[in-house]
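File shown here: query-v1.txt, holding compact mmCIF, N, CA, C and O atoms.
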```
# COMPACT_ATOMS: atom_id res chain seq x y z
N MET E 51 -10.95 4.58 3.61
CA MET E 51 -10.29 5.12 2.45
C MET E 51 -9.44 4.02 1.82
O MET E 51 -8.89 3.18 2.52
N SER E 52 -9.37 4.01 0.53
CA SER E 52 -8.61 3.00 -0.19
C SER E 52 -7.37 3.64 -0.82
O SER E 52 -7.47 4.67 -1.49
N TRP E 53 -6.21 3.04 -0.56
CA TRP E 53 -4.96 3.51 -1.15
C TRP E 53 -4.48 2.49 -2.16
O TRP E 53 -4.65 1.28 -1.95
N PRO E 54 -3.85 2.94 -3.25
CA PRO E 54 -3.20 1.98 -4.15
C PRO E 54 -2.05 1.28 -3.41
O PRO E 54 -1.39 1.89 -2.56
N VAL E 55 -1.85 0.02 -3.73
CA VAL E 55 -0.79 -0.78 -3.09
C VAL E 55 -0.09 -1.58 -4.17
O VAL E 55 -0.74 -2.16 -5.04
N LEU E 56 1.23 -1.61 -4.11
CA LEU E 56 2.01 -2.49 -4.97
C LEU E 56 2.52 -3.63 -4.08
O LEU E 56 3.19 -3.38 -3.08
N VAL E 57 2.16 -4.86 -4.43
CA VAL E 57 2.59 -6.04 -3.69
C VAL E 57 3.72 -6.69 -4.48
O VAL E 57 3.54 -7.04 -5.64
N LYS E 58 4.88 -6.81 -3.85
CA LYS E 58 6.04 -7.42 -4.50
C LYS E 58 6.34 -8.76 -3.84
O LYS E 58 6.55 -8.83 -2.63
N VAL E 59 6.33 -9.81 -4.66
CA VAL E 59 6.62 -11.16 -4.18
C VAL E 59 7.72 -11.70 -5.08
O VAL E 59 7.46 -12.04 -6.24
N GLY E 60 8.95 -11.74 -4.58
CA GLY E 60 10.07 -12.14 -5.44
C GLY E 60 10.17 -11.15 -6.59
O GLY E 60 10.21 -9.94 -6.39
N LYS E 61 10.15 -11.67 -7.84
CA LYS E 61 10.21 -10.79 -9.01
C LYS E 61 8.83 -10.40 -9.52
O LYS E 61 8.72 -9.61 -10.46
N SER E 62 7.78 -10.92 -8.92
CA SER E 62 6.41 -10.61 -9.35
C SER E 62 5.92 -9.34 -8.67
O SER E 62 6.25 -9.06 -7.52
N ARG E 63 5.11 -8.57 -9.41
CA ARG E 63 4.52 -7.34 -8.90
C ARG E 63 3.02 -7.38 -9.18
O ARG E 63 2.59 -7.76 -10.26
N TYR E 64 2.23 -6.97 -8.19
CA TYR E 64 0.77 -6.96 -8.33
C TYR E 64 0.23 -5.62 -7.87
O TYR E 64 0.54 -5.18 -6.76
N LEU E 65 -0.58 -4.98 -8.71
CA LEU E 65 -1.26 -3.77 -8.30
C LEU E 65 -2.49 -4.17 -7.49
O LEU E 65 -3.18 -5.12 -7.85
N ALA E 66 -2.74 -3.47 -6.42
CA ALA E 66 -3.82 -3.82 -5.52
C ALA E 66 -4.39 -2.55 -4.91
O ALA E 66 -3.93 -1.45 -5.20
N SER E 67 -5.39 -2.72 -4.05
CA SER E 67 -5.94 -1.58 -3.32
C SER E 67 -6.21 -2.01 -1.88
O SER E 67 -6.56 -3.16 -1.62
N SER E 68 -6.03 -1.07 -0.99
CA SER E 68 -6.24 -1.36 0.43
C SER E 68 -7.72 -1.37 0.77
O SER E 68 -8.51 -0.63 0.20
N VAL E 69 -8.07 -2.23 1.71
CA VAL E 69 -9.40 -2.26 2.29
C VAL E 69 -9.35 -1.55 3.64
O VAL E 69 -10.23 -0.78 3.99
N ASP E 70 -8.25 -1.78 4.38
CA ASP E 70 -8.05 -1.20 5.71
C ASP E 70 -6.55 -1.15 5.96
O ASP E 70 -5.83 -2.10 5.64
N ILE E 71 -6.08 -0.05 6.53
CA ILE E 71 -4.65 0.09 6.86
C ILE E 71 -4.53 0.64 8.26
O ILE E 71 -5.25 1.58 8.63
N SER E 72 -3.61 0.07 9.04
CA SER E 72 -3.28 0.61 10.34
C SER E 72 -1.75 0.72 10.41
O SER E 72 -1.07 0.45 9.43
N THR E 73 -1.23 1.10 11.55
CA THR E 73 0.21 1.26 11.68
C THR E 73 0.96 -0.08 11.68
O THR E 73 2.15 -0.11 11.45
N HIS E 74 0.24 -1.19 11.91
CA HIS E 74 0.91 -2.49 12.02
C HIS E 74 0.48 -3.51 10.97
O HIS E 74 1.01 -4.63 10.95
N GLY E 75 -0.46 -3.14 10.10
CA GLY E 75 -0.88 -4.09 9.10
C GLY E 75 -1.92 -3.51 8.16
O GLY E 75 -2.35 -2.36 8.31
N ALA E 76 -2.29 -4.30 7.16
CA ALA E 76 -3.26 -3.85 6.17
C ALA E 76 -4.02 -5.03 5.61
O ALA E 76 -3.49 -6.15 5.53
N LYS E 77 -5.25 -4.76 5.22
CA LYS E 77 -6.02 -5.73 4.45
C LYS E 77 -6.06 -5.18 3.03
O LYS E 77 -6.38 -4.00 2.83
N VAL E 78 -5.72 -6.03 2.06
CA VAL E 78 -5.53 -5.58 0.69
C VAL E 78 -6.27 -6.52 -0.26
O VAL E 78 -6.23 -7.74 -0.10
N ARG E 79 -6.94 -5.93 -1.26
CA ARG E 79 -7.54 -6.73 -2.34
C ARG E 79 -6.53 -6.83 -3.46
O ARG E 79 -6.06 -5.81 -3.97
N THR E 80 -6.17 -8.05 -3.82
CA THR E 80 -5.21 -8.27 -4.90
C THR E 80 -5.61 -9.52 -5.68
O THR E 80 -6.27 -10.40 -5.15
N LYS E 81 -5.19 -9.58 -6.92
CA LYS E 81 -5.44 -10.76 -7.74
C LYS E 81 -4.34 -11.80 -7.54
O LYS E 81 -4.42 -12.90 -8.07
N ALA E 82 -3.32 -11.45 -6.76
CA ALA E 82 -2.25 -12.40 -6.46
C ALA E 82 -2.80 -13.56 -5.65
O ALA E 82 -3.64 -13.37 -4.78
N ARG E 83 -2.34 -14.73 -5.93
CA ARG E 83 -2.71 -15.93 -5.15
C ARG E 83 -1.61 -16.17 -4.13
O ARG E 83 -0.60 -16.81 -4.42
N LEU E 84 -1.79 -15.62 -2.95
CA LEU E 84 -0.77 -15.71 -1.91
C LEU E 84 -1.19 -16.68 -0.84
O LEU E 84 -2.37 -16.85 -0.56
N LYS E 85 -0.20 -17.30 -0.21
CA LYS E 85 -0.47 -18.24 0.87
C LYS E 85 -0.08 -17.62 2.20
O LYS E 85 0.85 -16.81 2.28
N THR E 86 -0.78 -18.02 3.24
CA THR E 86 -0.44 -17.58 4.59
C THR E 86 1.03 -17.89 4.86
O THR E 86 1.51 -18.97 4.53
N GLY E 87 1.74 -16.92 5.43
CA GLY E 87 3.15 -17.10 5.76
C GLY E 87 4.10 -16.57 4.69
O GLY E 87 5.30 -16.50 4.92
N THR E 88 3.58 -16.18 3.53
CA THR E 88 4.42 -15.65 2.46
C THR E 88 4.96 -14.27 2.86
O THR E 88 4.23 -13.43 3.36
N THR E 89 6.25 -14.04 2.63
CA THR E 89 6.88 -12.76 2.89
C THR E 89 6.81 -11.91 1.62
O THR E 89 7.11 -12.39 0.53
N VAL E 90 6.40 -10.66 1.78
CA VAL E 90 6.24 -9.74 0.64
C VAL E 90 6.82 -8.38 1.00
O VAL E 90 7.13 -8.11 2.16
N GLN E 91 6.95 -7.54 0.00
CA GLN E 91 7.24 -6.13 0.18
C GLN E 91 6.01 -5.36 -0.29
O GLN E 91 5.47 -5.67 -1.36
N LEU E 92 5.54 -4.41 0.50
CA LEU E 92 4.39 -3.59 0.13
C LEU E 92 4.83 -2.15 -0.08
O LEU E 92 5.69 -1.64 0.64
N GLU E 93 4.24 -1.52 -1.07
CA GLU E 93 4.41 -0.09 -1.27
C GLU E 93 3.01 0.51 -1.23
O GLU E 93 2.20 0.30 -2.13
N LEU E 94 2.72 1.20 -0.14
CA LEU E 94 1.42 1.82 0.08
C LEU E 94 1.50 3.27 -0.40
O LEU E 94 2.44 3.99 -0.05
N VAL E 95 0.54 3.69 -1.21
CA VAL E 95 0.60 5.03 -1.79
C VAL E 95 -0.53 5.90 -1.20
O VAL E 95 -1.67 5.82 -1.64
N PRO E 96 -0.19 6.70 -0.18
CA PRO E 96 -1.21 7.55 0.44
C PRO E 96 -1.61 8.69 -0.51
O PRO E 96 -0.89 8.99 -1.45
N PRO E 97 -2.76 9.33 -0.24
CA PRO E 97 -3.19 10.43 -1.10
C PRO E 97 -2.28 11.65 -1.02
O PRO E 97 -2.33 12.53 -1.87
N GLU E 98 -1.46 11.71 0.00
CA GLU E 98 -0.50 12.81 0.14
C GLU E 98 0.79 12.27 0.74
O GLU E 98 0.78 11.35 1.53
N GLY E 99 1.89 12.82 0.31
CA GLY E 99 3.19 12.40 0.81
C GLY E 99 3.76 11.25 0.01
O GLY E 99 3.12 10.71 -0.90
N PRO E 100 4.99 10.85 0.34
CA PRO E 100 5.67 9.78 -0.40
C PRO E 100 5.08 8.41 -0.08
O PRO E 100 4.43 8.22 0.95
N PRO E 101 5.33 7.44 -0.96
CA PRO E 101 4.89 6.06 -0.70
C PRO E 101 5.53 5.52 0.58
O PRO E 101 6.63 5.91 0.96
N LEU E 102 4.81 4.62 1.25
CA LEU E 102 5.32 3.94 2.44
C LEU E 102 5.73 2.54 2.01
O LEU E 102 4.92 1.78 1.47
N ARG E 103 7.00 2.19 2.22
CA ARG E 103 7.50 0.87 1.84
C ARG E 103 7.78 0.07 3.11
O ARG E 103 8.44 0.56 4.01
N VAL E 104 7.26 -1.17 3.12
CA VAL E 104 7.40 -1.98 4.32
C VAL E 104 7.38 -3.47 3.95
O VAL E 104 6.66 -3.88 3.04
N GLY E 105 8.19 -4.25 4.65
CA GLY E 105 8.12 -5.70 4.52
C GLY E 105 6.90 -6.18 5.28
O GLY E 105 6.46 -5.56 6.26
N ALA E 106 6.32 -7.28 4.82
CA ALA E 106 5.11 -7.78 5.47
C ALA E 106 5.00 -9.29 5.30
O ALA E 106 5.66 -9.88 4.45
N LEU E 107 4.15 -9.87 6.10
CA LEU E 107 3.86 -11.30 6.08
C LEU E 107 2.38 -11.47 5.81
O LEU E 107 1.56 -10.74 6.38
N VAL E 108 2.03 -12.41 4.93
CA VAL E 108 0.61 -12.71 4.71
C VAL E 108 0.11 -13.39 5.97
O VAL E 108 0.54 -14.50 6.31
N TRP E 109 -0.76 -12.72 6.69
CA TRP E 109 -1.25 -13.19 7.97
C TRP E 109 -2.49 -14.07 7.81
O TRP E 109 -2.61 -15.10 8.44
N ARG E 110 -3.42 -13.61 6.95
CA ARG E 110 -4.64 -14.37 6.67
C ARG E 110 -5.03 -14.16 5.21
O ARG E 110 -4.77 -13.10 4.65
N VAL E 111 -5.67 -15.17 4.65
CA VAL E 111 -6.24 -15.06 3.31
C VAL E 111 -7.75 -15.24 3.46
O VAL E 111 -8.20 -16.25 3.97
N GLU E 112 -8.50 -14.22 3.05
CA GLU E 112 -9.95 -14.22 3.20
C GLU E 112 -10.60 -13.89 1.87
O GLU E 112 -9.94 -13.41 0.95
N ALA E 113 -11.90 -14.08 1.77
CA ALA E 113 -12.63 -13.78 0.54
C ALA E 113 -12.50 -12.30 0.16
O ALA E 113 -12.41 -11.97 -1.01
N GLY E 114 -12.45 -11.41 1.15
CA GLY E 114 -12.38 -9.97 0.89
C GLY E 114 -10.99 -9.43 0.68
O GLY E 114 -10.80 -8.24 0.49
N GLY E 115 -9.96 -10.27 0.75
CA GLY E 115 -8.58 -9.83 0.55
C GLY E 115 -7.63 -10.51 1.51
O GLY E 115 -8.03 -11.30 2.37
N GLU E 116 -6.36 -10.18 1.35
CA GLU E 116 -5.32 -10.73 2.22
C GLU E 116 -5.01 -9.75 3.35
O GLU E 116 -4.97 -8.54 3.13
N ALA E 117 -4.79 -10.28 4.54
CA ALA E 117 -4.39 -9.47 5.68
C ALA E 117 -2.88 -9.61 5.82
O ALA E 117 -2.35 -10.73 5.87
N PHE E 118 -2.19 -8.47 5.86
CA PHE E 118 -0.73 -8.44 5.98
C PHE E 118 -0.34 -7.88 7.34
O PHE E 118 -0.91 -6.90 7.80
N LEU E 119 0.66 -8.48 7.95
CA LEU E 119 1.26 -7.99 9.18
C LEU E 119 2.59 -7.36 8.81
O LEU E 119 3.45 -8.03 8.22
N PHE E 120 2.77 -6.06 9.11
CA PHE E 120 4.00 -5.37 8.77
C PHE E 120 5.16 -5.84 9.64
O PHE E 120 4.97 -6.13 10.82
N SER E 121 6.37 -5.88 9.06
CA SER E 121 7.56 -6.28 9.82
C SER E 121 7.97 -5.16 10.78
O SER E 121 8.58 -5.43 11.82
N THR E 122 7.65 -3.92 10.45
CA THR E 122 7.86 -2.78 11.33
C THR E 122 6.64 -1.88 11.22
O THR E 122 5.93 -1.91 10.21
N GLY E 123 6.39 -1.10 12.21
CA GLY E 123 5.26 -0.18 12.15
C GLY E 123 5.51 0.93 11.14
O GLY E 123 6.64 1.28 10.86
N VAL E 124 4.44 1.46 10.56
CA VAL E 124 4.54 2.59 9.66
C VAL E 124 3.76 3.76 10.25
O VAL E 124 2.83 3.56 11.04
N GLU E 125 4.16 4.96 9.87
CA GLU E 125 3.49 6.14 10.39
C GLU E 125 3.05 7.03 9.25
O GLU E 125 3.79 7.24 8.29
N HIS E 126 1.84 7.52 9.35
CA HIS E 126 1.29 8.51 8.43
C HIS E 126 0.13 9.16 9.16
O HIS E 126 -0.61 8.48 9.88
N ARG E 127 -0.05 10.43 8.97
CA ARG E 127 -1.09 11.14 9.72
C ARG E 127 -2.49 10.62 9.44
O ARG E 127 -3.39 10.80 10.25
N LEU E 128 -2.71 9.94 8.31
CA LEU E 128 -4.03 9.43 7.98
C LEU E 128 -4.30 8.01 8.52
O LEU E 128 -5.40 7.49 8.39
N LEU E 129 -3.28 7.41 9.16
CA LEU E 129 -3.43 6.05 9.67
C LEU E 129 -3.87 6.07 11.13
O LEU E 129 -3.39 6.89 11.92
N ARG E 130 -4.75 5.14 11.45
CA ARG E 130 -5.16 5.00 12.85
C ARG E 130 -4.12 4.16 13.59
O ARG E 130 -3.53 3.24 13.02
N VAL E 131 -3.88 4.49 14.81
CA VAL E 131 -2.92 3.75 15.63
C VAL E 131 -3.64 2.58 16.27
O VAL E 131 -4.73 2.73 16.82
N THR E 132 -3.05 1.36 16.15
CA THR E 132 -3.66 0.17 16.74
C THR E 132 -2.78 -0.39 17.83
O THR E 132 -1.63 -0.10 17.94
```
Would you encode the structure as structure tokens?
Amino acid sequence: MSWPVLVKVGKSRYLASSVDISTHGAKVRTKARLKTGTTVQLELVPPEGPPLRVGALVWRVEAGGEAFLFSTGVEHRLLRVT
């Protein structure tokens, strides 16, 4: 399932969509040009319930999107536990 994601880097904001989300990280497709190690704020918008806001680190940059490692775990009934 794909959720809308807002990626915040400093004062810049990028609309994106998730490729995969777990309780500890997410892979996201974005037009932002991010480098590994960049700290960001993510706002994940599930199909039900309030947005999930979490700090994250760009863990990997791949052709299919950026992989983010969350600074803290997030919980939602639609997320798989890893």
Mind dumping a table of every region 58-85 of chain E residue within 6 Å of region 117-125 of chain E, with the nearest atom pair and its distance in Å to one decimal, using only N, CA, C and O atoms, sorted by chain and rising number, as JSON lines?
```
{"residue": "E:Ser72", "atom": "O", "partner": "E:Val124", "partner_atom": "O", "distance": 5.2}
{"residue": "E:Thr73", "atom": "O", "partner": "E:Val124", "partner_atom": "N", "distance": 2.9}
{"residue": "E:His74", "atom": "O", "partner": "E:Phe120", "partner_atom": "N", "distance": 2.9}
{"residue": "E:Gly75", "atom": "CA", "partner": "E:Phe118", "partner_atom": "O", "distance": 3.1}
{"residue": "E:Ala76", "atom": "O", "partner": "E:Phe118", "partner_atom": "N", "distance": 2.7}
{"residue": "E:Lys77", "atom": "CA", "partner": "E:Ala117", "partner_atom": "CA", "distance": 4.3}
{"residue": "E:Val78", "atom": "N", "partner": "E:Ala117", "partner_atom": "N", "distance": 5.0}
```
Mind checking DSSP for chain E and telling me the strand (DSSP E or B) residues as an MDAnalysis selection string?
chainID E and resid 54:59 62:72 75:79 89:94 102:112 115:120 130
Is there a way to get, as a PyMOL selection string, all residues within 8 Å of the point (6.5, -11.3, -4.2) in file coordinates, counting all atoms listed in the file?
chain E and resi 57-64+88-91
Could you please determine the separation between atom O of Pro97 (chain E) and atom O of Ala82 (chain E) in Å, to one decimal place?
26.1 Å
Distance atom O of Gly87 (chain E)-atom N of Pro100 (chain E), one decimal place?
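Between these atoms lies a distance of 27.7 Å.
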Interatomic distance (Å, one decimal) between CA of Leu94 (chain E) and CA of Glu112 (chain E)
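Interatomic distance, CA of Leu94 (chain E) to CA of Glu112 (chain E): 19.9 Å.
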Using only N, CA, C and O atoms, which of E:Gly115, E:Leu65, E:Arg110, E:Gly105 sits nearest Leu92 (chain E)?
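Among the listed residues, the smallest separation from Leu92 (chain E) belongs to E:Gly105.
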